[in-house]
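Data from start27.tsv: TSV, C-alpha atoms (C1' of nucleotides)
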chain	number	residue	atom	x	y	z
C	688	MET	CA	2.16	32.03	-15.91
C	689	LYS	CA	-1.53	31.49	-15.78
C	690	VAL	CA	-2.65	28.26	-14.16
C	691	CYS	CA	-6.40	28.42	-14.54
C	692	ASP	CA	-9.17	30.95	-14.93
C	693	HIS	CA	-9.88	31.63	-11.30
C	694	GLU	CA	-6.38	32.68	-10.40
C	695	ALA	CA	-7.29	35.63	-8.22
C	696	GLU	CA	-9.86	33.85	-6.09
C	697	HIS	CA	-7.85	30.76	-5.31
C	698	GLU	CA	-4.34	32.14	-5.35
C	699	LEU	CA	-4.46	32.60	-1.60
C	700	ALA	CA	-5.63	29.06	-0.86
C	701	THR	CA	-2.87	27.67	-3.05
C	702	GLN	CA	-0.25	29.79	-1.28
C	703	LYS	CA	-1.53	28.62	2.10
C	704	ALA	CA	-1.60	25.00	0.94
C	705	LYS	CA	2.03	25.25	-0.09
C	706	ALA	CA	3.04	27.13	3.04
C	707	ASN	CA	1.33	24.63	5.35
C	708	MET	CA	2.51	21.52	3.53
C	709	PRO	CA	4.49	19.37	5.99
C	710	ALA	CA	8.03	18.39	5.02
C	711	ASP	CA	8.40	15.31	2.81
C	712	GLU	CA	9.91	13.44	5.72
C	713	ASP	CA	6.91	14.10	7.94
C	714	VAL	CA	4.47	13.21	5.18
C	715	ALA	CA	6.35	9.94	4.78
C	716	ARG	CA	5.96	9.12	8.47
C	717	VAL	CA	2.22	9.69	8.41
C	718	ALA	CA	1.93	7.72	5.17
C	719	ALA	CA	3.85	4.82	6.67
C	720	ALA	CA	1.54	4.77	9.68
C	721	PHE	CA	-1.55	4.64	7.49
C	722	LYS	CA	0.03	2.11	5.15
C	723	SER	CA	0.68	-0.22	8.03
C	724	ILE	CA	-3.03	-0.32	8.85
C	725	SER	CA	-4.21	-0.52	5.24
C	726	GLU	CA	-3.90	-4.23	4.54
C	727	PRO	CA	-6.79	-6.55	5.45
C	728	CYS	CA	-4.53	-8.94	7.33
C	729	ARG	CA	-3.06	-6.23	9.53
C	730	LEU	CA	-6.39	-4.53	10.01
C	731	LYS	CA	-7.81	-7.81	11.29
C	732	ILE	CA	-5.04	-7.93	13.85
C	733	LEU	CA	-6.10	-4.50	15.09
C	734	PHE	CA	-9.75	-5.55	15.27
C	735	ALA	CA	-8.69	-8.61	17.27
C	736	LEU	CA	-6.62	-6.50	19.67
C	737	ARG	CA	-9.64	-4.38	20.55
C	738	GLN	CA	-10.33	-7.18	23.06
C	739	GLY	CA	-7.04	-6.57	24.82
C	740	GLU	CA	-3.68	-8.33	24.89
C	741	LEU	CA	-3.26	-11.46	22.80
C	742	CYS	CA	-0.29	-13.73	22.18
C	743	VAL	CA	0.83	-14.46	18.63
C	744	LEU	CA	-0.84	-17.84	18.25
C	745	HIS	CA	-4.10	-16.49	19.56
C	746	ILE	CA	-3.89	-13.69	17.03
C	747	VAL	CA	-3.22	-16.29	14.35
C	748	GLU	CA	-6.32	-18.14	15.53
C	749	ALA	CA	-8.44	-14.98	15.43
C	750	VAL	CA	-7.34	-13.61	12.07
C	751	GLY	CA	-6.35	-16.71	10.11
C	752	GLY	CA	-3.20	-17.13	8.02
C	753	THR	CA	0.09	-18.68	9.00
C	754	GLN	CA	2.20	-17.97	12.07
C	755	SER	CA	4.98	-16.65	9.87
C	756	ALA	CA	2.79	-14.22	7.96
C	757	VAL	CA	1.20	-12.89	11.14
C	758	SER	CA	4.59	-12.50	12.76
C	759	HIS	CA	5.89	-10.49	9.80
C	760	GLN	CA	2.83	-8.28	9.96
C	761	LEU	CA	3.17	-7.76	13.71
C	762	ARG	CA	6.74	-6.64	13.21
C	763	LEU	CA	5.58	-4.02	10.72
C	764	LEU	CA	2.80	-2.81	13.00
C	765	LYS	CA	5.23	-2.53	15.88
C	766	ALA	CA	7.88	-0.75	13.82
C	767	ASN	CA	5.25	1.84	12.92
C	768	GLY	CA	4.10	2.34	16.48
C	769	ILE	CA	0.65	0.85	15.98
C	770	VAL	CA	1.01	-2.01	18.45
C	771	LYS	CA	3.31	-2.71	21.37
C	772	SER	CA	4.39	-5.97	22.97
C	773	ARG	CA	5.72	-7.45	26.18
C	774	ARG	CA	7.06	-10.86	26.98
C	775	GLU	CA	5.34	-13.13	29.47
C	776	GLY	CA	7.18	-16.40	29.76
C	777	GLN	CA	7.24	-18.11	26.39
C	778	ASN	CA	4.66	-15.77	24.97
C	779	ILE	CA	4.82	-12.29	23.51
C	780	LEU	CA	1.64	-10.40	24.28
C	781	TYR	CA	0.60	-7.76	21.77
C	782	SER	CA	-1.76	-4.84	22.31
C	783	LEU	CA	-2.75	-1.59	20.59
C	784	ASP	CA	-0.11	1.07	21.18
C	785	ASP	CA	-2.43	3.73	22.56
C	786	GLU	CA	-5.94	5.17	22.43
C	787	HIS	CA	-5.28	7.00	19.14
C	788	VAL	CA	-5.23	3.70	17.27
C	789	LEU	CA	-8.67	2.67	18.44
C	790	ALA	CA	-9.96	6.19	17.82
C	791	VAL	CA	-8.74	6.18	14.20
C	792	LEU	CA	-10.32	2.78	13.64
C	793	GLU	CA	-13.63	4.00	15.01
C	794	LEU	CA	-13.53	7.18	12.94
C	795	ALA	CA	-12.91	5.17	9.79
C	796	CYS	CA	-15.83	2.89	10.57
C	797	ALA	CA	-18.04	5.91	11.22
C	798	HIS	CA	-16.98	7.42	7.91
C	799	LEU	CA	-17.90	4.22	6.08
C	800	HIS	CA	-21.16	3.91	8.03
C	801	CYS	CA	-20.06	0.63	9.56
C	802	HIS	CA	-21.03	-0.44	13.06
C	803	PHE	CA	-18.60	-2.79	14.68
Q	437	MET	CA	-5.45	-28.77	21.05
Q	438	LYS	CA	-3.26	-26.58	23.18
Q	439	VAL	CA	-2.24	-23.30	21.63
Q	440	CYS	CA	-0.02	-21.80	24.29
Q	441	ASP	CA	0.56	-22.02	28.04
Q	442	HIS	CA	-1.96	-19.41	29.18
Q	443	GLU	CA	-4.93	-21.05	27.55
Q	444	ALA	CA	-7.39	-20.52	30.37
Q	445	GLU	CA	-6.68	-16.84	30.91
Q	446	HIS	CA	-6.84	-15.74	27.33
Q	447	GLU	CA	-9.31	-18.19	25.92
Q	448	LEU	CA	-12.12	-15.71	26.47
Q	449	ALA	CA	-10.36	-12.82	24.74
Q	450	THR	CA	-9.63	-15.01	21.75
Q	451	GLN	CA	-13.24	-16.11	21.50
Q	452	LYS	CA	-14.41	-12.51	21.69
Q	453	ALA	CA	-11.85	-11.44	19.10
Q	454	LYS	CA	-13.15	-14.06	16.70
Q	455	ALA	CA	-16.79	-13.30	17.45
Q	456	ASN	CA	-16.34	-9.55	16.95
Q	457	MET	CA	-14.21	-9.83	13.81
Q	458	PRO	CA	-15.96	-7.95	11.00
Q	459	ALA	CA	-16.69	-9.84	7.79
Q	460	ASP	CA	-13.87	-10.02	5.25
Q	461	GLU	CA	-15.81	-7.73	2.95
Q	462	ASP	CA	-16.09	-5.02	5.60
Q	463	VAL	CA	-12.45	-5.35	6.55
Q	464	ALA	CA	-11.60	-4.88	2.88
Q	465	ARG	CA	-13.59	-1.66	2.69
Q	466	VAL	CA	-11.83	-0.18	5.71
Q	467	ALA	CA	-8.48	-1.35	4.37
Q	468	ALA	CA	-9.16	0.28	1.00
Q	469	ALA	CA	-10.01	3.56	2.69
Q	470	PHE	CA	-6.77	3.57	4.66
Q	471	LYS	CA	-4.77	2.42	1.66
Q	472	SER	CA	-6.00	5.36	-0.34
Q	473	ILE	CA	-4.55	7.79	2.20
Q	474	SER	CA	-1.34	5.87	2.77
Q	475	GLU	CA	0.79	7.09	-0.12
Q	476	PRO	CA	2.82	10.29	0.30
Q	477	CYS	CA	1.48	11.79	-2.92
Q	478	ARG	CA	-2.15	11.30	-1.93
Q	479	LEU	CA	-1.54	12.37	1.64
Q	480	LYS	CA	-0.09	15.62	0.35
Q	481	ILE	CA	-3.27	16.20	-1.57
Q	482	LEU	CA	-5.24	15.86	1.66
Q	483	PHE	CA	-2.93	18.24	3.48
Q	484	ALA	CA	-3.39	20.74	0.65
Q	485	LEU	CA	-7.18	20.41	0.78
Q	486	ARG	CA	-7.22	21.39	4.44
Q	487	GLN	CA	-7.24	24.96	3.05
Q	488	GLY	CA	-10.50	24.34	1.23
Q	489	GLU	CA	-11.46	23.68	-2.38
Q	490	LEU	CA	-8.69	23.59	-4.97
Q	491	CYS	CA	-8.72	22.90	-8.70
Q	492	VAL	CA	-6.49	20.21	-10.15
Q	493	LEU	CA	-3.70	22.44	-11.39
Q	494	HIS	CA	-3.53	24.23	-8.06
Q	495	ILE	CA	-3.27	20.87	-6.34
Q	496	VAL	CA	-0.48	19.98	-8.75
Q	497	GLU	CA	1.24	23.22	-7.83
Q	498	ALA	CA	0.87	22.53	-4.11
Q	499	VAL	CA	1.97	18.92	-4.05
Q	500	GLY	CA	4.31	18.60	-7.02
Q	501	GLY	CA	4.32	15.86	-9.61
Q	502	THR	CA	2.67	15.80	-13.00
Q	503	GLN	CA	-0.93	16.64	-13.86
Q	504	SER	CA	-1.53	13.09	-14.97
Q	505	ALA	CA	-0.22	11.50	-11.79
Q	506	VAL	CA	-2.24	13.84	-9.59
Q	507	SER	CA	-5.36	13.20	-11.63
Q	508	HIS	CA	-4.97	9.43	-11.26
Q	509	GLN	CA	-4.55	9.86	-7.52
Q	510	LEU	CA	-7.57	12.13	-7.25
Q	511	ARG	CA	-9.66	9.52	-8.99
Q	512	LEU	CA	-8.61	6.94	-6.43
Q	513	LEU	CA	-9.30	9.26	-3.51
Q	514	LYS	CA	-12.73	10.04	-4.91
Q	515	ALA	CA	-13.55	6.39	-5.58
Q	516	ASN	CA	-12.80	5.66	-1.93
Q	517	GLY	CA	-14.92	8.50	-0.62
Q	518	ILE	CA	-12.02	10.55	0.73
Q	519	VAL	CA	-12.55	13.62	-1.47
Q	520	LYS	CA	-15.44	14.97	-3.47
Q	521	SER	CA	-15.52	17.29	-6.48
Q	522	ARG	CA	-17.73	19.72	-8.33
Q	523	ARG	CA	-17.33	21.42	-11.65
Q	524	GLU	CA	-17.04	25.18	-11.93
Q	525	GLY	CA	-16.63	26.23	-15.54
Q	526	GLN	CA	-13.49	24.64	-16.94
Q	527	ASN	CA	-12.28	23.62	-13.52
Q	528	ILE	CA	-13.05	20.73	-11.25
Q	529	LEU	CA	-12.83	21.80	-7.63
Q	530	TYR	CA	-11.84	19.13	-5.12
Q	531	SER	CA	-12.39	19.14	-1.36
Q	532	LEU	CA	-12.24	16.71	1.57
Q	533	ASP	CA	-15.34	14.53	1.62
Q	534	ASP	CA	-16.37	15.25	5.22
Q	535	GLU	CA	-15.13	16.10	8.67
Q	536	HIS	CA	-14.07	12.50	9.40
Q	537	VAL	CA	-11.20	12.82	6.94
Q	538	LEU	CA	-9.70	15.83	8.67
Q	539	ALA	CA	-10.29	14.22	12.07
Q	540	VAL	CA	-8.40	11.05	11.06
Q	541	LEU	CA	-5.54	13.15	9.73
Q	542	GLU	CA	-5.33	15.10	12.96
Q	543	LEU	CA	-5.47	11.96	15.10
Q	544	ALA	CA	-2.64	10.43	13.11
Q	545	CYS	CA	-0.54	13.54	13.55
Q	546	ALA	CA	-1.27	13.56	17.27
Q	547	HIS	CA	-0.26	9.91	17.49
Q	548	LEU	CA	3.05	10.67	15.80
Q	549	HIS	CA	3.57	13.78	17.94
Q	550	CYS	CA	3.51	16.01	14.90
Q	551	HIS	CA	2.13	19.54	14.93
Q	552	PHE	CA	0.82	20.72	11.61
I	46	DT	C1'	21.54	-30.34	28.60
I	47	DT	C1'	17.80	-31.92	25.74
I	48	DA	C1'	13.17	-31.59	23.98
I	49	DA	C1'	9.16	-28.92	23.30
I	50	DT	C1'	6.82	-24.67	22.63
I	51	DA	C1'	6.51	-19.87	21.02
I	52	DT	C1'	8.08	-16.37	18.15
I	53	DA	C1'	11.03	-14.13	14.64
I	54	DT	C1'	13.37	-13.60	10.27
I	55	DG	C1'	15.97	-13.89	5.57
I	56	DA	C1'	15.32	-14.91	0.81
I	57	DA	C1'	12.56	-15.60	-3.15
I	58	DC	C1'	8.44	-15.41	-5.77
I	59	DA	C1'	3.94	-13.54	-7.02
I	60	DG	C1'	0.75	-10.07	-7.02
I	61	DT	C1'	-0.14	-5.17	-6.64
I	62	DT	C1'	0.43	-0.37	-7.55
I	63	DA	C1'	2.40	4.32	-8.91
I	64	DT	C1'	4.14	6.75	-12.57
I	65	DT	C1'	4.84	7.99	-17.33
I	66	DC	C1'	3.42	8.80	-22.02
I	67	DA	C1'	0.22	9.57	-25.34
I	68	DT	C1'	-4.18	10.79	-26.12
I	69	DA	C1'	-9.11	11.67	-25.15
I	70	DT	C1'	-12.98	14.49	-23.34
I	71	DA	C1'	-15.07	18.75	-21.85
I	72	DT	C1'	-15.66	23.73	-21.39
I	73	DT	C1'	-14.94	28.41	-22.91
I	74	DG	C1'	-13.92	32.31	-25.86
I	75	DA	C1'	-13.09	34.02	-30.44
T	646	DT	C1'	-16.54	25.92	-35.79
T	647	DC	C1'	-11.74	26.36	-34.24
T	648	DA	C1'	-8.26	27.08	-30.77
T	649	DA	C1'	-7.03	27.12	-26.05
T	650	DT	C1'	-7.43	25.54	-21.43
T	651	DA	C1'	-8.50	22.05	-17.90
T	652	DT	C1'	-9.03	17.44	-16.66
T	653	DA	C1'	-9.25	12.39	-17.30
T	654	DT	C1'	-7.73	7.86	-18.76
T	655	DG	C1'	-5.72	3.39	-21.03
T	656	DA	C1'	-1.59	0.85	-21.47
T	657	DA	C1'	3.00	-0.33	-20.18
T	658	DT	C1'	6.79	-0.44	-17.19
T	659	DA	C1'	9.17	-0.15	-12.84
T	660	DA	C1'	9.02	-0.36	-8.01
T	661	DC	C1'	6.97	-2.14	-3.99
T	662	DT	C1'	4.89	-5.45	-0.84
T	663	DG	C1'	2.72	-9.79	1.13
T	664	DT	C1'	3.23	-14.54	1.54
T	665	DT	C1'	5.66	-18.80	1.76
T	666	DC	C1'	9.33	-21.85	3.09
T	667	DA	C1'	13.01	-23.02	5.71
T	668	DT	C1'	15.34	-22.01	9.61
T	669	DA	C1'	16.85	-19.36	13.72
T	670	DT	C1'	16.26	-17.62	18.47
T	671	DA	C1'	14.30	-17.71	23.07
T	672	DT	C1'	11.97	-19.65	27.06
T	673	DT	C1'	10.51	-23.46	29.90
T	674	DA	C1'	10.14	-28.07	31.72
T	675	DA	C1'	12.18	-32.47	32.33

Written form, structure tokens:
Amino acid sequence: MKVCDHEAEHELATQKAKANMPADEDVARVAAAFKSISEPCRLKILFALRQGELCVLHIVEAVGGTQSAVSHQLRLLKANGIVKSRREGQNILYSLDDEHVLAVLELACAHLHCHF
Amino acid sequence: MKVCDHEAEHELATQKAKANMPADEDVARVAAAFKSISEPCRLKILFALRQGELCVLHIVEAVGGTQSAVSHQLRLLKANGIVKSRREGQNILYSLDDEHVLAVLELACAHLHCHF
DNA sequence: TTAATATATGAACAGTTATTCATATATTGA
DNA sequence: TCAATATATGAATAACTGTTCATATATTAA
């Protein structure tokens, strides 16, 4: 069954692409991670957390929106391993989960020729 | 107006977070870029293109789904600067836009402790 | 224990998005 | 020019997701 007119040349690349395709379940994990940082509201939270730990109301102050909305978004970010949190008295302090998060942010900005 | 009980300590971080927050328009661009690589179908396309240039029907073969769905997704990826394309005869050959794309993919996998 | 502060969460609605279907455009060979 | 192959796209529907509102939980101070 012919697929296109350059079968011979690209057959190998197609075979390799199929062979190296991660399992659906792994693709879903990566997709979920990216999805969690793909909404403006959540992305703003990450930009805010570049400064270090912040409690929820300070995040609300920095990114705008309601306490409830920010809290929902923080839960999603945490569930996807993008941020982590610890309690300190009445406050929950959030921070970026690890250095990968900041690195991905910076790569994306470089790709888009941004500088912040 | 008191926000929480550690005002003094974190006041500075909050101020810096607000001062360094990119403009809404820039946040939206970054968000759009991440959103375009946050769906399993589109992510599979990127994984396939790690092997190099592939025509549409070969991509369809590698990632599954219909020709139409893949074509719609490719358009989105291209509009967001994630992939590029060139015509060769009857075929359109797609490839990753630049090295940042692969780097982001690899960082994400590292973050999730994947190895592919 | 009671009041105040900080954070989290369930349900519902509104807006967004992926897929499908039918069809259109573009290139090539006969 | 006609047929075949490869790719793209508009419209419609179905599924998903973010926000809001009301309320719940947790910590601290009095």

- Task: Dump as a PyMOL selection string the residues of chain T that approach chain Q to within 10 Å, counting only C-alpha atoms (C1' of nucleotides).
- Result: chain T and resi 650-654

Take the residues from that selection and write them out as a PDB file, in the coordinates of the input, keeping C-alpha atoms (C1' of nucleotides).
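Written file, selection.pdb:
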ATOM      1  C1'  DT T 650      -7.430  25.540 -21.430  1.00  0.00           C
ATOM      2  C1'  DA T 651      -8.500  22.050 -17.900  1.00  0.00           C
ATOM      3  C1'  DT T 652      -9.030  17.440 -16.660  1.00  0.00           C
ATOM      4  C1'  DA T 653      -9.250  12.390 -17.300  1.00  0.00           C
ATOM      5  C1'  DT T 654      -7.730   7.860 -18.760  1.00  0.00           C
TER       6       DT T 654
END

- Item | Selected residue of minimal separation from DT62 in chain I among Q:Lys471, Q:Lys520, Q:His547, Q:Arg486, counting only C-alpha atoms (C1' of nucleotides) | Q:Lys471

Select from chain C every residue with an atom at most 6 Å from any atom of chain Q, then for each give the shortest pair of atoms and their distance in Å to one decimal, using all atoms listed in the file, rows by chain and rising number, as CSV.
residue,atom,partner,partner_atom,distance
C:Ala700,CA,Q:Gln487,CA,5.9
C:Ala704,CA,Q:Ala484,CA,4.6
C:Lys705,CA,Q:Ala498,CA,5.0
C:Val714,CA,Q:Pro476,CA,5.9
C:Ala715,CA,Q:Pro476,CA,5.7
C:Ala718,CA,Q:Ser474,CA,4.5
C:Phe721,CA,Q:Ser474,CA,4.9
C:Lys722,CA,Q:Ser474,CA,4.7
C:Ser725,CA,Q:Ala467,CA,4.4
C:Glu726,CA,Q:Ala467,CA,5.4
C:Pro727,CA,Q:Ala467,CA,5.6
C:Ala735,CA,Q:Ala453,CA,4.6
C:Gln738,CA,Q:Ala449,CA,5.9
C:Ala749,CA,Q:Lys454,CA,5.0
C:Val791,CA,Q:Val540,CA,5.8

Got time to write the residues from that selection, C-alpha atoms, as a short mmCIF file (atom, residue, chain, number, x, y, z; two decimals), in the frame of the given file?
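And here's selection-v8.cif as it stands now:
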data_model
loop_
_atom_site.label_atom_id
_atom_site.label_comp_id
_atom_site.auth_asym_id
_atom_site.auth_seq_id
_atom_site.Cartn_x
_atom_site.Cartn_y
_atom_site.Cartn_z
CA ALA C 700 -5.63 29.06 -0.86
CA ALA C 704 -1.60 25.00 0.94
CA LYS C 705 2.03 25.25 -0.09
CA VAL C 714 4.47 13.21 5.18
CA ALA C 715 6.35 9.94 4.78
CA ALA C 718 1.93 7.72 5.17
CA PHE C 721 -1.55 4.64 7.49
CA LYS C 722 0.03 2.11 5.15
CA SER C 725 -4.21 -0.52 5.24
CA GLU C 726 -3.90 -4.23 4.54
CA PRO C 727 -6.79 -6.55 5.45
CA ALA C 735 -8.69 -8.61 17.27
CA GLN C 738 -10.33 -7.18 23.06
CA ALA C 749 -8.44 -14.98 15.43
CA VAL C 791 -8.74 6.18 14.20
#

- With all atoms listed in the file as the basis for distance, which of I:DA71, I:DA51, I:DC66, I:DA57 is at the shortest distance from chain C? I:DA51

- Message: Counting only C-alpha atoms (C1' of nucleotides), a student should be able to say which residues of chain I come within 9 Å of chain Q; what is the right answer, written as a list in words?
- Response: DT50, DA51, DA63, DT64, DT65, DA71, DT72 and DT73 of chain I

- Query: In Å, with one decimal, what is the gap from C1' of DT668 in chain T to CA of Arg773 in chain C?
  - Reply: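 Here the two named atoms are 24.1 Å from each other.
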
- Task: Take C1' of DT52 in chain I and CA of Tyr781 in chain C and report the distance between them in Å, one decimal.
- Result: 12.0 Å

Would you list the contacts of DA669 in chain T as a PDB file with C-alpha atoms (C1' of nucleotides), keeping the file's coordinate frame, taking every protein, DNA or RNA residue within 12 Å and counting all atoms listed in the file, but skipping same-chain residues closer than 3 positions in sequence?
ATOM      1  C1'  DT I  52       8.080 -16.370  18.150  1.00  0.00           C
ATOM      2  C1'  DA I  53      11.030 -14.130  14.640  1.00  0.00           C
ATOM      3  C1'  DT I  54      13.370 -13.600  10.270  1.00  0.00           C
ATOM      4  C1'  DG I  55      15.970 -13.890   5.570  1.00  0.00           C
TER       5       DG I  55
END

- Note on the structure: Expressed in Å, the length from C1' of DA674 in chain T to C1' of DT47 in chain I is 10.5 Å

Is it possible to add N, CA and C atoms to range 768-785 of chain C and hand it back as a PDB file, in the frame of the given file?
ATOM      1  N   GLY C 768       4.703   1.796  15.269  1.00  0.00           N
ATOM      2  CA  GLY C 768       4.100   2.340  16.480  1.00  0.00           C
ATOM      3  C   GLY C 768       2.605   2.137  16.586  1.00  0.00           C
ATOM      4  N   ILE C 769       2.083   1.112  15.920  1.00  0.00           N
ATOM      5  CA  ILE C 769       0.650   0.850  15.980  1.00  0.00           C
ATOM      6  C   ILE C 769       0.324  -0.114  17.113  1.00  0.00           C
ATOM      7  N   VAL C 770       1.193  -1.080  17.337  1.00  0.00           N
ATOM      8  CA  VAL C 770       1.010  -2.010  18.450  1.00  0.00           C
ATOM      9  C   VAL C 770       2.284  -2.013  19.295  1.00  0.00           C
ATOM     10  N   LYS C 771       2.151  -2.531  20.509  1.00  0.00           N
ATOM     11  CA  LYS C 771       3.310  -2.710  21.370  1.00  0.00           C
ATOM     12  C   LYS C 771       3.280  -4.140  21.888  1.00  0.00           C
ATOM     13  N   SER C 772       4.363  -4.590  22.504  1.00  0.00           N
ATOM     14  CA  SER C 772       4.390  -5.970  22.970  1.00  0.00           C
ATOM     15  C   SER C 772       5.199  -6.083  24.242  1.00  0.00           C
ATOM     16  N   ARG C 773       4.921  -7.156  24.986  1.00  0.00           N
ATOM     17  CA  ARG C 773       5.720  -7.450  26.180  1.00  0.00           C
ATOM     18  C   ARG C 773       5.807  -8.967  26.295  1.00  0.00           C
ATOM     19  N   ARG C 774       6.896  -9.420  26.826  1.00  0.00           N
ATOM     20  CA  ARG C 774       7.060 -10.860  26.980  1.00  0.00           C
ATOM     21  C   ARG C 774       6.453 -11.319  28.292  1.00  0.00           C
ATOM     22  N   GLU C 775       5.826 -12.494  28.243  1.00  0.00           N
ATOM     23  CA  GLU C 775       5.340 -13.130  29.470  1.00  0.00           C
ATOM     24  C   GLU C 775       5.647 -14.608  29.333  1.00  0.00           C
ATOM     25  N   GLY C 776       6.749 -15.013  29.908  1.00  0.00           N
ATOM     26  CA  GLY C 776       7.180 -16.400  29.760  1.00  0.00           C
ATOM     27  C   GLY C 776       7.539 -16.696  28.315  1.00  0.00           C
ATOM     28  N   GLN C 777       6.939 -17.749  27.776  1.00  0.00           N
ATOM     29  CA  GLN C 777       7.240 -18.110  26.390  1.00  0.00           C
ATOM     30  C   GLN C 777       6.498 -17.235  25.387  1.00  0.00           C
ATOM     31  N   ASN C 778       5.530 -16.505  25.890  1.00  0.00           N
ATOM     32  CA  ASN C 778       4.660 -15.770  24.970  1.00  0.00           C
ATOM     33  C   ASN C 778       5.030 -14.299  24.854  1.00  0.00           C
ATOM     34  N   ILE C 779       4.734 -13.735  23.687  1.00  0.00           N
ATOM     35  CA  ILE C 779       4.820 -12.290  23.510  1.00  0.00           C
ATOM     36  C   ILE C 779       3.384 -11.806  23.395  1.00  0.00           C
ATOM     37  N   LEU C 780       3.012 -10.917  24.294  1.00  0.00           N
ATOM     38  CA  LEU C 780       1.640 -10.400  24.280  1.00  0.00           C
ATOM     39  C   LEU C 780       1.605  -9.068  23.550  1.00  0.00           C
ATOM     40  N   TYR C 781       0.740  -8.989  22.552  1.00  0.00           N
ATOM     41  CA  TYR C 781       0.600  -7.760  21.770  1.00  0.00           C
ATOM     42  C   TYR C 781      -0.649  -7.008  22.170  1.00  0.00           C
ATOM     43  N   SER C 782      -0.586  -5.680  22.049  1.00  0.00           N
ATOM     44  CA  SER C 782      -1.760  -4.840  22.310  1.00  0.00           C
ATOM     45  C   SER C 782      -1.649  -3.572  21.473  1.00  0.00           C
ATOM     46  N   LEU C 783      -2.756  -2.863  21.320  1.00  0.00           N
ATOM     47  CA  LEU C 783      -2.750  -1.590  20.590  1.00  0.00           C
ATOM     48  C   LEU C 783      -1.849  -0.604  21.313  1.00  0.00           C
ATOM     49  N   ASP C 784      -1.108   0.186  20.563  1.00  0.00           N
ATOM     50  CA  ASP C 784      -0.110   1.070  21.180  1.00  0.00           C
ATOM     51  C   ASP C 784      -0.715   2.103  22.109  1.00  0.00           C
ATOM     52  N   ASP C 785      -1.792   2.749  21.684  1.00  0.00           N
ATOM     53  CA  ASP C 785      -2.430   3.730  22.560  1.00  0.00           C
ATOM     54  C   ASP C 785      -3.858   3.983  22.078  1.00  0.00           C
TER      55      ASP C 785
END
